[in-house]
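Q: Data: target.txt, compact mmCIF, C-alpha atoms.
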```
# COMPACT_ATOMS: atom_id res chain seq x y z
CA MET X 12 -10.12 -52.48 -24.55
CA LEU X 13 -8.20 -55.62 -25.18
CA ARG X 14 -9.23 -58.86 -23.47
CA ARG X 15 -9.80 -62.53 -24.37
CA HIS X 16 -8.81 -66.17 -23.18
CA ALA X 17 -5.30 -67.57 -21.27
CA ARG X 18 -1.49 -66.93 -20.16
CA ALA X 19 -0.31 -64.79 -18.64
CA ALA X 20 13.97 -38.71 -13.84
CA CYS X 21 16.85 -32.79 -10.80
CA THR X 22 19.57 -30.31 -11.03
CA ALA X 23 20.65 -27.62 -13.62
CA LEU X 24 19.73 -28.05 -17.27
CA VAL X 25 21.74 -30.50 -19.32
CA ALA X 26 24.71 -28.57 -20.72
CA ALA X 27 24.60 -27.96 -24.44
CA GLY X 28 27.02 -30.15 -26.29
CA MET X 29 27.16 -32.94 -23.66
CA ALA X 30 28.67 -35.98 -25.31
CA LEU X 31 26.11 -38.71 -25.87
CA ALA X 32 28.82 -41.33 -26.00
CA GLY X 33 29.50 -40.78 -22.32
CA LEU X 34 25.80 -41.05 -21.55
CA GLN X 35 25.39 -44.26 -23.44
CA ALA X 36 28.33 -45.81 -21.67
CA GLY X 37 26.73 -44.83 -18.35
CA THR X 38 29.77 -42.85 -17.27
CA ALA X 39 29.69 -39.84 -14.98
CA THR X 40 32.02 -36.91 -15.51
CA ALA X 41 34.16 -35.75 -12.59
CA ALA X 42 33.18 -32.62 -10.68
CA PRO X 43 35.78 -29.86 -10.11
CA ASP X 44 36.53 -31.25 -6.65
CA GLY X 45 37.35 -34.63 -8.14
CA LYS X 46 34.25 -36.32 -6.76
CA PRO X 47 31.99 -38.27 -9.13
CA ALA X 48 29.31 -36.13 -10.70
CA ALA X 49 25.65 -37.03 -10.36
CA ARG X 50 24.40 -39.80 -12.58
CA THR X 51 23.09 -39.01 -16.04
CA ALA X 52 19.51 -39.79 -16.94
CA ALA X 53 20.61 -42.67 -19.18
CA ARG X 54 22.56 -44.22 -16.33
CA THR X 55 19.75 -43.65 -13.84
CA LEU X 56 17.33 -45.47 -16.12
CA ALA X 57 19.91 -48.19 -16.89
CA THR X 58 19.43 -47.93 -20.64
CA ALA X 59 22.73 -49.69 -21.33
CA ALA X 60 21.33 -52.74 -19.52
CA ALA X 61 18.35 -53.15 -21.83
CA GLN X 62 17.57 -56.81 -22.32
CA PRO X 63 18.43 -58.54 -25.63
CA GLU X 64 14.79 -59.47 -26.18
CA LEU X 65 13.66 -55.85 -25.99
CA LEU X 66 16.48 -54.73 -28.30
CA SER X 67 15.59 -57.44 -30.80
CA ALA X 68 11.97 -56.35 -30.86
CA MET X 69 13.01 -52.71 -31.39
CA GLN X 70 15.24 -53.84 -34.26
CA ARG X 71 12.37 -55.74 -35.84
CA ASP X 72 9.55 -53.24 -35.36
CA LEU X 73 11.45 -49.91 -35.57
CA GLY X 74 13.99 -50.92 -38.23
CA LEU X 75 17.02 -50.32 -36.03
CA THR X 76 20.37 -51.97 -35.51
CA ARG X 77 21.26 -53.03 -31.98
CA PRO X 78 23.63 -50.04 -31.47
CA GLN X 79 20.92 -47.72 -32.78
CA ALA X 80 18.41 -49.16 -30.34
CA LEU X 81 20.78 -48.62 -27.42
CA THR X 82 21.54 -45.08 -28.60
CA ARG X 83 17.85 -44.36 -28.94
CA LEU X 84 17.09 -45.49 -25.40
CA ALA X 85 19.93 -43.33 -24.02
CA ASN X 86 18.85 -40.30 -26.05
CA GLU X 87 15.24 -40.71 -24.92
CA ALA X 88 16.26 -40.84 -21.27
CA GLU X 89 18.27 -37.61 -21.60
CA ALA X 90 15.55 -35.92 -23.66
CA GLY X 91 12.92 -36.77 -21.07
CA ALA X 92 14.99 -35.22 -18.28
CA THR X 93 15.78 -32.09 -20.31
CA ALA X 94 12.16 -31.61 -21.34
CA ALA X 95 11.03 -32.02 -17.73
CA ARG X 96 13.45 -29.30 -16.53
CA LEU X 97 12.35 -26.97 -19.31
CA ARG X 98 8.70 -27.53 -18.46
CA GLN X 99 9.43 -26.40 -14.91
CA SER X 100 11.32 -23.28 -16.06
CA LEU X 101 8.89 -22.27 -18.85
CA GLY X 102 5.80 -22.58 -16.70
CA GLY X 103 2.55 -21.64 -18.44
CA ALA X 104 4.30 -20.95 -21.75
CA PHE X 105 5.33 -24.59 -22.15
CA ALA X 106 3.60 -26.14 -25.15
CA GLY X 107 4.96 -29.69 -25.25
CA ALA X 108 8.09 -31.63 -26.19
CA TRP X 109 8.94 -34.52 -28.46
CA VAL X 110 11.84 -36.48 -29.91
CA ASP X 111 12.51 -37.25 -33.56
CA GLY X 112 14.89 -39.33 -35.65
CA ALA X 113 15.66 -43.02 -35.88
CA GLU X 114 17.80 -42.70 -32.74
CA SER X 115 15.59 -40.04 -31.09
CA GLY X 116 18.56 -37.71 -31.49
CA THR X 117 16.54 -34.49 -31.79
CA LEU X 118 14.52 -33.00 -28.93
CA THR X 119 12.10 -30.19 -29.76
CA VAL X 120 10.46 -28.06 -27.05
CA ALA X 121 7.58 -25.74 -27.90
CA THR X 122 6.72 -22.47 -26.16
CA THR X 123 4.26 -19.64 -26.65
CA ARG X 124 6.84 -17.04 -25.56
CA SER X 125 9.55 -15.96 -28.00
CA ALA X 126 11.84 -14.91 -25.12
CA ASP X 127 12.16 -18.59 -24.15
CA THR X 128 13.72 -19.84 -27.37
CA ALA X 129 17.33 -18.96 -26.46
CA ALA X 130 17.08 -20.85 -23.16
CA ILE X 131 15.63 -23.87 -24.93
CA ARG X 132 18.40 -23.91 -27.54
CA ALA X 133 21.03 -23.57 -24.78
CA THR X 134 20.11 -27.07 -23.65
CA GLY X 135 20.77 -28.51 -27.11
CA ALA X 136 17.08 -28.80 -27.95
CA ASN X 137 15.30 -27.23 -30.89
CA ALA X 138 12.84 -24.45 -30.00
CA ARG X 139 9.45 -24.02 -31.66
CA LEU X 140 7.25 -20.95 -31.15
CA VAL X 141 3.54 -21.83 -31.23
CA PRO X 142 0.26 -20.03 -30.47
CA HIS X 143 -1.28 -22.38 -27.89
CA SER X 144 0.14 -23.55 -24.56
CA LEU X 145 -0.18 -27.17 -23.50
CA THR X 146 -2.26 -26.04 -20.53
CA ALA X 147 -4.79 -24.30 -22.82
CA LEU X 148 -5.09 -27.28 -25.13
CA GLU X 149 -5.53 -29.74 -22.29
CA ARG X 150 -8.14 -27.48 -20.69
CA ALA X 151 -10.07 -27.55 -23.96
CA LYS X 152 -9.73 -31.35 -24.13
CA ARG X 153 -11.27 -31.71 -20.68
CA ALA X 154 -14.25 -29.70 -21.88
CA LEU X 155 -14.66 -32.07 -24.83
CA ASP X 156 -14.30 -35.11 -22.59
CA ARG X 157 -17.35 -34.12 -20.56
CA GLY X 158 -19.65 -34.38 -23.57
CA ALA X 159 -17.94 -37.07 -25.63
CA THR X 160 -19.74 -40.03 -27.16
CA ALA X 161 -18.59 -43.16 -28.96
CA GLU X 162 -19.06 -41.28 -32.27
CA ALA X 163 -16.05 -39.10 -31.33
CA PRO X 164 -14.21 -41.75 -29.37
CA VAL X 165 -10.62 -40.44 -29.22
CA ARG X 166 -9.34 -36.99 -28.20
CA TYR X 167 -5.74 -35.93 -27.63
CA VAL X 168 -3.30 -33.00 -27.84
CA ASP X 169 -0.92 -33.37 -30.78
CA VAL X 170 2.06 -31.42 -29.43
CA ARG X 171 3.88 -31.54 -32.75
CA ALA X 172 0.98 -29.80 -34.52
CA ASN X 173 -0.03 -27.68 -31.48
CA VAL X 174 -3.64 -28.69 -31.91
CA LEU X 175 -6.35 -30.68 -30.15
CA VAL X 176 -7.34 -33.68 -32.29
CA VAL X 177 -10.77 -35.27 -32.25
CA GLU X 178 -11.26 -38.56 -34.07
CA GLU X 179 -14.82 -39.16 -35.32
CA THR X 180 -16.41 -42.34 -36.61
CA ARG X 181 -19.52 -40.52 -37.92
CA ALA X 182 -19.35 -37.41 -40.10
CA GLY X 183 -20.14 -34.23 -38.14
CA ALA X 184 -19.75 -35.84 -34.71
CA GLY X 185 -16.52 -33.99 -34.00
CA ALA X 186 -17.89 -30.60 -35.02
CA ARG X 187 -21.03 -31.14 -32.92
CA LEU X 188 -18.94 -32.06 -29.89
CA VAL X 189 -16.69 -28.99 -30.29
CA GLU X 190 -19.70 -26.67 -30.64
CA ALA X 191 -21.55 -28.15 -27.68
CA ALA X 192 -18.47 -27.87 -25.47
CA GLY X 193 -17.90 -24.24 -26.47
CA VAL X 194 -14.30 -24.91 -27.45
CA PRO X 195 -12.75 -22.42 -29.94
CA ARG X 196 -12.73 -24.13 -33.33
CA ASP X 197 -9.17 -22.94 -34.09
CA LEU X 198 -7.88 -25.19 -31.31
CA VAL X 199 -9.30 -28.34 -32.87
CA ARG X 200 -8.67 -30.59 -35.86
CA VAL X 201 -11.27 -33.24 -36.57
CA VAL X 202 -10.06 -36.47 -38.17
CA ARG X 203 -12.34 -39.12 -39.66
CA THR X 204 -11.56 -42.74 -38.78
CA ASP X 205 -13.23 -46.05 -39.55
CA ARG X 206 -11.61 -47.72 -36.56
CA ALA X 207 -13.55 -47.46 -33.32
CA PRO X 208 -11.51 -48.36 -30.21
CA ARG X 209 -12.78 -51.33 -28.30
CA PRO X 210 -11.67 -53.17 -25.20
CA LEU X 211 -9.15 -55.89 -26.03
CA TYR X 212 -10.36 -58.55 -23.65
CA ASP X 213 -7.82 -61.16 -22.16
CA ILE X 214 -4.29 -61.30 -19.66
CA ARG X 215 -0.24 -61.33 -19.10
CA GLY X 216 3.24 -59.18 -17.44
CA GLY X 217 3.04 -60.69 -20.60
CA ASP X 218 1.67 -63.97 -19.16
CA ALA X 219 -1.97 -64.90 -19.54
CA TYR X 220 -4.46 -65.26 -16.71
CA TYR X 221 -8.04 -66.43 -16.76
CA MET X 222 -11.03 -64.90 -15.02
CA GLY X 223 -13.38 -67.16 -13.12
CA GLY X 224 -16.39 -65.80 -14.95
CA GLY X 225 -14.76 -66.49 -18.33
CA GLY X 226 -12.28 -64.74 -20.55
CA ARG X 227 -8.53 -64.27 -20.69
CA CYS X 228 -6.37 -61.17 -20.07
CA SER X 229 -2.66 -60.45 -19.61
CA VAL X 230 -0.63 -59.63 -16.50
CA GLY X 231 0.72 -56.08 -16.53
CA PHE X 232 3.43 -55.80 -13.87
CA ALA X 233 4.16 -57.70 -10.70
CA VAL X 234 3.49 -55.69 -7.54
CA THR X 235 3.37 -56.10 -3.79
CA ARG X 236 1.20 -54.56 -1.11
CA GLY X 237 2.86 -55.20 2.21
CA THR X 238 3.53 -58.92 2.21
CA THR X 239 0.88 -59.66 -0.42
CA GLN X 240 2.04 -60.66 -3.89
CA GLY X 241 0.05 -59.74 -6.99
CA PHE X 242 -0.05 -57.88 -10.28
CA ALA X 243 -1.42 -54.76 -11.96
CA THR X 244 -3.75 -55.14 -14.91
CA ALA X 245 -6.66 -53.48 -16.72
CA GLY X 246 -9.87 -52.66 -14.90
CA HIS X 247 -12.11 -53.88 -17.72
CA CYS X 248 -10.77 -57.41 -17.26
CA GLY X 249 -12.59 -57.99 -13.98
CA ARG X 250 -14.35 -56.53 -10.95
CA ALA X 251 -13.43 -56.76 -7.26
CA GLY X 252 -13.99 -60.33 -6.19
CA THR X 253 -13.48 -61.89 -9.63
CA THR X 254 -11.29 -64.96 -9.19
CA THR X 255 -8.34 -65.74 -11.46
CA SER X 256 -6.26 -68.71 -12.50
CA GLY X 257 -2.77 -68.43 -13.95
CA PHE X 258 -1.26 -69.32 -17.29
CA ASN X 259 -1.12 -72.92 -16.11
CA GLN X 260 -4.81 -72.94 -15.10
CA VAL X 261 -3.84 -73.26 -11.42
CA ALA X 262 -5.85 -71.17 -8.93
CA GLN X 263 -4.09 -67.82 -8.65
CA GLY X 264 -6.02 -65.17 -6.71
CA SER X 265 -8.71 -62.52 -7.08
CA PHE X 266 -9.28 -58.92 -8.09
CA GLN X 267 -8.96 -56.67 -5.03
CA ALA X 268 -9.99 -53.41 -6.73
CA SER X 269 -10.98 -52.37 -10.22
CA THR X 270 -11.86 -49.05 -11.90
CA PHE X 271 -13.53 -48.91 -15.33
CA PRO X 272 -14.66 -46.69 -16.97
CA GLY X 273 -13.14 -43.40 -15.81
CA ASN X 274 -9.77 -45.13 -15.67
CA ASP X 275 -8.82 -48.65 -16.71
CA MET X 276 -6.90 -50.00 -13.73
CA ALA X 277 -7.07 -52.96 -11.39
CA TRP X 278 -4.90 -55.21 -9.27
CA VAL X 279 -5.06 -58.87 -8.41
CA ALA X 280 -3.80 -60.33 -5.12
CA ALA X 281 -2.28 -63.79 -5.55
CA ASN X 282 -2.42 -66.68 -3.13
CA THR X 283 0.68 -68.00 -1.36
CA ASN X 284 1.55 -70.36 -4.22
CA TRP X 285 2.46 -67.39 -6.42
CA THR X 286 5.43 -64.99 -6.11
CA SER X 287 5.85 -61.60 -7.74
CA THR X 288 8.96 -61.29 -9.92
CA PRO X 289 10.53 -58.14 -11.46
CA TYR X 290 10.16 -59.30 -15.04
CA VAL X 291 8.04 -59.03 -18.15
CA LYS X 292 7.81 -61.98 -20.48
CA GLY X 293 9.78 -61.19 -23.64
CA SER X 294 10.21 -62.74 -27.02
CA GLY X 295 10.66 -66.49 -26.81
CA GLY X 296 9.69 -66.51 -23.13
CA ALA X 297 12.87 -64.80 -21.91
CA ASN X 298 12.70 -62.48 -18.89
CA VAL X 299 12.96 -58.71 -19.46
CA GLN X 300 13.96 -56.77 -16.35
CA VAL X 301 11.85 -53.98 -14.85
CA THR X 302 13.94 -51.40 -12.95
CA GLY X 303 11.50 -48.50 -12.45
CA SER X 304 8.43 -46.63 -13.67
CA VAL X 305 9.65 -43.34 -15.20
CA LEU X 306 7.14 -42.27 -17.86
CA GLN X 307 8.88 -41.54 -21.17
CA PRO X 308 8.21 -38.56 -23.53
CA VAL X 309 6.15 -38.31 -26.69
CA GLY X 310 8.05 -39.93 -29.56
CA ALA X 311 9.87 -42.42 -27.34
CA SER X 312 9.96 -46.11 -28.19
CA VAL X 313 7.76 -48.48 -26.24
CA CYS X 314 7.22 -52.25 -26.39
CA ARG X 315 4.24 -54.31 -25.33
CA SER X 316 3.92 -57.84 -24.05
CA GLY X 317 0.61 -59.65 -24.30
CA SER X 318 -0.67 -63.18 -24.13
CA THR X 319 -2.20 -63.16 -27.61
CA THR X 320 0.38 -61.46 -29.82
CA GLY X 321 3.54 -61.48 -27.68
CA TRP X 322 6.18 -58.75 -28.17
CA HIS X 323 5.54 -55.72 -30.39
CA CYS X 324 7.11 -52.24 -30.38
CA GLY X 325 6.20 -48.76 -31.58
CA THR X 326 6.29 -45.20 -30.28
CA ILE X 327 4.43 -43.04 -27.78
CA GLN X 328 2.16 -40.64 -29.67
CA GLN X 329 0.37 -38.61 -26.99
CA HIS X 330 -0.08 -38.67 -23.22
CA ASN X 331 -3.27 -37.76 -21.36
CA THR X 332 -5.58 -39.01 -24.09
CA SER X 333 -9.29 -39.62 -23.49
CA VAL X 334 -11.10 -42.51 -25.14
CA THR X 335 -14.81 -43.26 -25.17
CA TYR X 336 -15.53 -46.96 -25.47
CA PRO X 337 -19.08 -48.30 -25.74
CA GLU X 338 -18.87 -48.94 -21.98
CA GLY X 339 -17.90 -45.31 -21.18
CA THR X 340 -15.04 -42.81 -21.19
CA ILE X 341 -11.58 -43.33 -19.76
CA SER X 342 -9.12 -40.43 -19.37
CA GLY X 343 -5.40 -40.05 -18.83
CA VAL X 344 -4.35 -42.93 -21.08
CA THR X 345 -1.39 -42.86 -23.49
CA ARG X 346 -1.84 -43.34 -27.23
CA THR X 347 0.75 -45.48 -29.07
CA THR X 348 1.52 -47.02 -32.45
CA VAL X 349 1.95 -50.48 -30.95
CA CYS X 350 -0.46 -53.10 -32.21
CA ALA X 351 -2.53 -55.38 -30.00
CA GLU X 352 -5.42 -57.83 -30.20
CA PRO X 353 -8.05 -59.27 -27.88
CA GLY X 354 -6.45 -61.12 -24.98
CA ASP X 355 -3.56 -58.61 -24.79
CA SER X 356 -5.65 -56.48 -22.40
CA GLY X 357 -3.91 -55.68 -19.13
CA GLY X 358 -0.50 -56.55 -20.55
CA SER X 359 2.77 -54.67 -20.09
CA TYR X 360 4.06 -51.57 -21.88
CA ILE X 361 7.77 -51.05 -21.20
CA SER X 362 10.33 -48.53 -22.51
CA GLY X 363 13.88 -49.73 -21.97
CA SER X 364 13.56 -51.15 -18.46
CA GLN X 365 10.95 -48.59 -17.32
CA ALA X 366 7.40 -49.79 -16.78
CA GLN X 367 4.96 -47.50 -18.60
CA GLY X 368 1.49 -48.92 -18.19
CA VAL X 369 -1.05 -51.66 -18.88
CA THR X 370 -2.93 -52.30 -22.12
CA SER X 371 -6.40 -50.80 -22.24
CA GLY X 372 -7.75 -50.91 -25.79
CA GLY X 373 -7.28 -49.82 -29.35
CA SER X 374 -8.12 -50.45 -32.96
CA GLY X 375 -6.63 -52.50 -35.77
CA ASN X 376 -4.55 -55.60 -35.22
CA CYS X 377 -0.99 -56.95 -35.50
CA SER X 378 -1.42 -57.97 -39.14
CA SER X 379 -2.56 -54.67 -40.64
CA GLY X 380 -1.26 -52.42 -37.82
CA GLY X 381 -3.18 -50.43 -35.28
CA THR X 382 -3.37 -47.87 -32.51
CA THR X 383 -3.49 -48.79 -28.84
CA PHE X 384 -3.86 -47.03 -25.51
CA PHE X 385 -2.31 -47.86 -22.16
CA GLN X 386 -3.31 -46.92 -18.64
CA PRO X 387 -0.17 -45.31 -17.11
CA LEU X 388 1.18 -47.41 -14.27
CA ASN X 389 2.15 -44.71 -11.72
CA PRO X 390 -1.44 -43.55 -11.06
CA LEU X 391 -2.45 -47.19 -10.66
CA LEU X 392 0.31 -47.82 -8.11
CA GLN X 393 -0.62 -44.66 -6.22
CA ASN X 394 -4.35 -45.32 -6.29
CA TYR X 395 -4.08 -48.79 -4.81
CA GLY X 396 -0.99 -48.34 -2.58
CA LEU X 397 1.09 -50.83 -4.55
CA THR X 398 4.85 -51.20 -4.95
CA LEU X 399 6.26 -52.15 -8.34
CA LYS X 400 8.56 -55.17 -8.23
CA THR X 401 11.94 -54.11 -9.66
CA THR X 402 15.45 -55.51 -10.05
CA GLY X 403 18.86 -54.15 -9.08
CA THR X 404 17.78 -51.74 -6.36
CA ASP X 405 20.44 -50.16 -4.12
CA PRO X 406 20.46 -51.76 -0.65
CA GLY X 407 20.62 -48.30 0.98
CA PRO X 408 22.79 -47.18 3.91
CA GLY X 409 24.66 -49.92 5.68
CA PRO X 410 24.79 -50.48 9.44
CA GLY X 411 26.01 -47.36 11.19
CA GLU X 412 25.69 -45.16 8.10
CA PRO X 413 23.65 -41.94 8.47
CA GLN X 414 20.01 -41.90 7.51
CA PRO X 415 19.30 -38.45 6.02
CA GLY X 416 16.04 -37.00 7.25
CA GLY X 417 13.27 -35.50 5.10
CA THR X 418 9.92 -36.18 3.52
CA TRP X 419 11.20 -38.24 0.58
CA ALA X 420 10.27 -41.89 0.94
CA ALA X 421 11.00 -45.01 -1.08
CA GLY X 422 7.85 -46.63 -2.43
CA LYS X 423 5.91 -43.38 -2.80
CA VAL X 424 4.67 -42.31 -6.22
CA TYR X 425 5.75 -38.75 -7.11
CA ALA X 426 4.22 -36.65 -9.89
CA ALA X 427 6.15 -34.02 -11.83
CA GLY X 428 6.15 -30.80 -9.78
CA ALA X 429 5.97 -32.49 -6.36
CA THR X 430 8.43 -31.22 -3.74
CA VAL X 431 10.22 -33.14 -1.01
CA THR X 432 12.98 -32.55 1.49
CA TYR X 433 16.01 -34.79 1.84
CA GLY X 434 19.20 -34.28 3.85
CA GLY X 435 18.22 -30.69 4.71
CA ALA X 436 17.57 -29.64 1.08
CA THR X 437 14.38 -29.22 -0.95
CA TYR X 438 13.91 -30.93 -4.30
CA ARG X 439 11.28 -30.69 -7.04
CA CYS X 440 10.27 -33.78 -9.03
CA LEU X 441 10.91 -33.53 -12.78
CA GLN X 442 9.51 -36.83 -14.04
CA GLY X 443 6.77 -38.89 -12.47
CA HIS X 444 7.96 -42.18 -10.94
CA GLN X 445 7.72 -44.48 -7.97
CA ALA X 446 10.66 -43.80 -5.65
CA GLN X 447 12.98 -46.62 -4.72
CA THR X 448 16.10 -47.08 -2.63
CA GLY X 449 19.07 -45.84 -4.67
CA TRP X 450 16.95 -43.15 -6.31
CA GLU X 451 17.32 -40.62 -3.47
CA PRO X 452 16.98 -37.03 -4.83
CA PRO X 453 20.70 -36.09 -4.74
CA ASN X 454 21.55 -39.25 -6.69
CA VAL X 455 19.20 -38.86 -9.65
CA PRO X 456 19.17 -35.40 -11.30
CA ALA X 457 17.11 -36.87 -14.12
CA LEU X 458 14.26 -37.17 -11.62
CA TRP X 459 14.85 -34.44 -9.00
CA GLN X 460 15.99 -30.77 -9.16
CA ARG X 461 17.42 -29.13 -6.06
CA GLN X 462 15.62 -25.87 -5.25
```
Could you express the structure from this file as structure tokens?

A:
Amino acid sequence: MLRRHARAACTALVAAGMALAGLQAGTATAAPDGKPAARTAARTLATAAAQPELLSAMQRDLGLTRPQALTRLANEAEAGATAARLRQSLGGAFAGAWVDGAESGTLTVATTRSADTAAIRATGANARLVPHSLTALERAKRALDRGATAEAPVRYVDVRANVLVVEETRAGAGARLVEAAGVPRDLVRVVRTDRAPRPLYDIRGGDAYYMGGGGRCSVGFAVTRGTTQGFATAGHCGRAGTTTSGFNQVAQGSFQASTFPGNDMAWVAANTNWTSTPYVKGSGGANVQVTGSVLQPVGASVCRSGSTTGWHCGTIQQHNTSVTYPEGTISGVTRTTVCAEPGDSGGSYISGSQAQGVTSGGSGNCSSGGTTFFQPLNPLLQNYGLTLKTTGTDPGPGPGEPQPGGTWAAGKVYAAGATVTYGGATYRCLQGHQAQTGWEPPNVPALWQRQ
């Protein structure tokens, strides 16, 4: 965990050979009837509108030029949508997906069924035939999670290697865990590490905040609950009732709910002197816009804002990782190559303009490099009934315009695989996100597939 002291995308598969240039420019091709086609994933996620501060950090930490950074964000948006559609169509044979290359120009999708490879390649992705499905590997990981100790603190599915990885800090701890859990040894690779994850105590949506009982953490993302303003952060930073003061040491609010261990999530309700804004604090104090919460795929770029070390970028390594800290086990976090230090806890992880999660913990530091984990934001929003504060949302139908009926609703958090009705049609969610006005299912094929 990372804490310390003060300031705080569903229609048919993407056609093979689709021109990326059109995606990056945010253009939509015309349908045969002359009407505008549905928006591309890159346009839906507004990758072309990435803030200069985020692009600069990607240039610095990922060794990219500005055009390369923009291309990478567009490619990652399209890859995420394509992978999500393939996961739906492959079902139990799906074995993971990832992007590669400086510009994330190559998407690879793994399957356990050789008959699927042609369909995968038809989307423009590479196909890889592997022995273990993602479902089987994640089932095995859950078995390990139940008996894990701090001597085998990190467990995750490496989709590239098609193996379940266990990191051990003491020789033999991984093997003992695997044997006790009854997990087939051929599913697991044990890796020795001298870095034990720890909470990174402190606050900030990059900005710092201070807890009344002592310590500093970082604001994750501004949220609302009804008319109440507030922010999402890490659960290990405080318990329900813990008071907070802001980056300026002015009374701010209090923790309304907190979960740790198990998960690492919390939210703070602010008093009337504070207003939620749809920004994350970027390099040099500039505002970086938040436009949604679509979780990005393995291999995608991600940047973090924290009150101790500021802006740093890296890549997403694995989703649904479990980590055992001295205080207990948390599950469902995402493992990244972004560095962090104490006081960065609770702070923002953002990919392009899409909120990803809040800093939980990690190992290493921003001098020698490190590994960090974030609590995904969508489960936090859903758990506490919160609405992410975003910019540039569509105002919706005007006076007198029809209001299509259905079960889809703005503000609701949808997981991949969920189904809704809208305008008389049924849609299946491809990528987990919090719905917002302008993201109605017919408008965003990167997020919804008509059934």

Q: Counting all atoms listed in the file, which of X:Ile341, X:Leu97, X:Ala147, X:Ala52 gets nearest to Asp127 (chain X)?

A: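 Closest candidate: X:Leu97.
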
Q: If you take all atoms listed in the file and a cut-off of 8 Å, which residues of region 266-327 of chain X touch region 391-395 of chain X, and what are their nearest atom pairs and distances in Å to one decimal, in chain and number order, as JSON lines?

A:
```
{"residue": "X:Ala268", "atom": "CA", "partner": "X:Tyr395", "partner_atom": "CA", "distance": 7.7}
{"residue": "X:Met276", "atom": "CA", "partner": "X:Leu391", "partner_atom": "CA", "distance": 6.1}
{"residue": "X:Ala277", "atom": "CA", "partner": "X:Leu391", "partner_atom": "CA", "distance": 7.4}
{"residue": "X:Trp278", "atom": "CA", "partner": "X:Tyr395", "partner_atom": "CA", "distance": 7.9}
```

Q: Using only C-alpha atoms - which residues lie no farther than 7 Å from the point (16.9, -56.6, -20.7) in the file's frame? Write them as a list in words.

A: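 In the file's frame, the residues around the point are Ala60, Ala61, Gln62, Pro63, Glu64, Leu65, Val299, Gln300 and Ser364 of chain X.
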
Q: Find the residues near Leu101 (chain X): any atom within 12 Å, counting all atoms listed in the file, skip ones fewer than 2 places away on the same chain, and give them as a PyMOL selection string.

A: chain X and resi 94-99+103-108+120-131+144-146

Q: Could you tell me which of X:Val279, X:Val455, X:Val176, X:Ala207 comes closest to Thr235 (chain X) if we count all atoms listed in the file?

A: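 So, comparing all the options, the nearest one is X:Val279.
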
Q: Taking all atoms of region 160-171 of chain X that the file lists, what box with edges along x, y and z, padded by 8 Å per side, do you get, with centre and edge lengths in Å to one decimal, as AutoDock Vina command-line options?

A:
```
--center_x -7.9 --center_y -37.3 --center_z -30.0 --size_x 39.6 --size_y 27.7 --size_z 21.6
```

Q: Between X:Val291, X:Ala92, X:Ala184, X:Val177, single out the one closest to Phe242 (chain X), counting only C-alpha atoms.

A: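 The closest residue to Phe242 (chain X) is X:Val291.
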
Q: In Å, rounded to a single decimal, give me how far CA of Val305 (chain X) is from CA of Trp450 (chain X).

A: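 Separating CA of Trp450 (chain X) from CA of Val305 (chain X) is a distance of 11.5 Å.
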
Q: Taking the partial coordinates given, rebuild region 248-258 of chain X to contain N, CA and C atoms; return it as a compact mmCIF listing (two decimals), keeping the file's coordinate frame.

A:
```txt
# COMPACT_ATOMS: atom_id res chain seq x y z
N CYS X 248 -10.91 -55.95 -17.27
CA CYS X 248 -10.77 -57.41 -17.26
C CYS X 248 -11.59 -58.07 -16.16
N GLY X 249 -11.84 -57.36 -15.07
CA GLY X 249 -12.59 -57.99 -13.98
C GLY X 249 -12.96 -56.99 -12.91
N ARG X 250 -13.90 -57.36 -12.07
CA ARG X 250 -14.35 -56.53 -10.95
C ARG X 250 -13.84 -57.09 -9.63
N ALA X 251 -13.87 -56.29 -8.58
CA ALA X 251 -13.43 -56.76 -7.26
C ALA X 251 -14.17 -58.04 -6.91
N GLY X 252 -13.41 -59.04 -6.52
CA GLY X 252 -13.99 -60.33 -6.19
C GLY X 252 -13.88 -61.36 -7.29
N THR X 253 -13.64 -60.94 -8.53
CA THR X 253 -13.48 -61.89 -9.63
C THR X 253 -12.25 -62.76 -9.37
N THR X 254 -12.41 -64.05 -9.42
CA THR X 254 -11.29 -64.96 -9.19
C THR X 254 -10.48 -65.15 -10.47
N THR X 255 -9.22 -65.53 -10.30
CA THR X 255 -8.34 -65.74 -11.46
C THR X 255 -7.58 -67.05 -11.32
N SER X 256 -7.21 -67.60 -12.46
CA SER X 256 -6.26 -68.71 -12.50
C SER X 256 -5.13 -68.29 -13.42
N GLY X 257 -3.94 -68.85 -13.21
CA GLY X 257 -2.77 -68.43 -13.95
C GLY X 257 -2.65 -69.06 -15.32
N PHE X 258 -1.51 -68.79 -15.95
CA PHE X 258 -1.26 -69.32 -17.29
C PHE X 258 -1.34 -70.84 -17.33
```
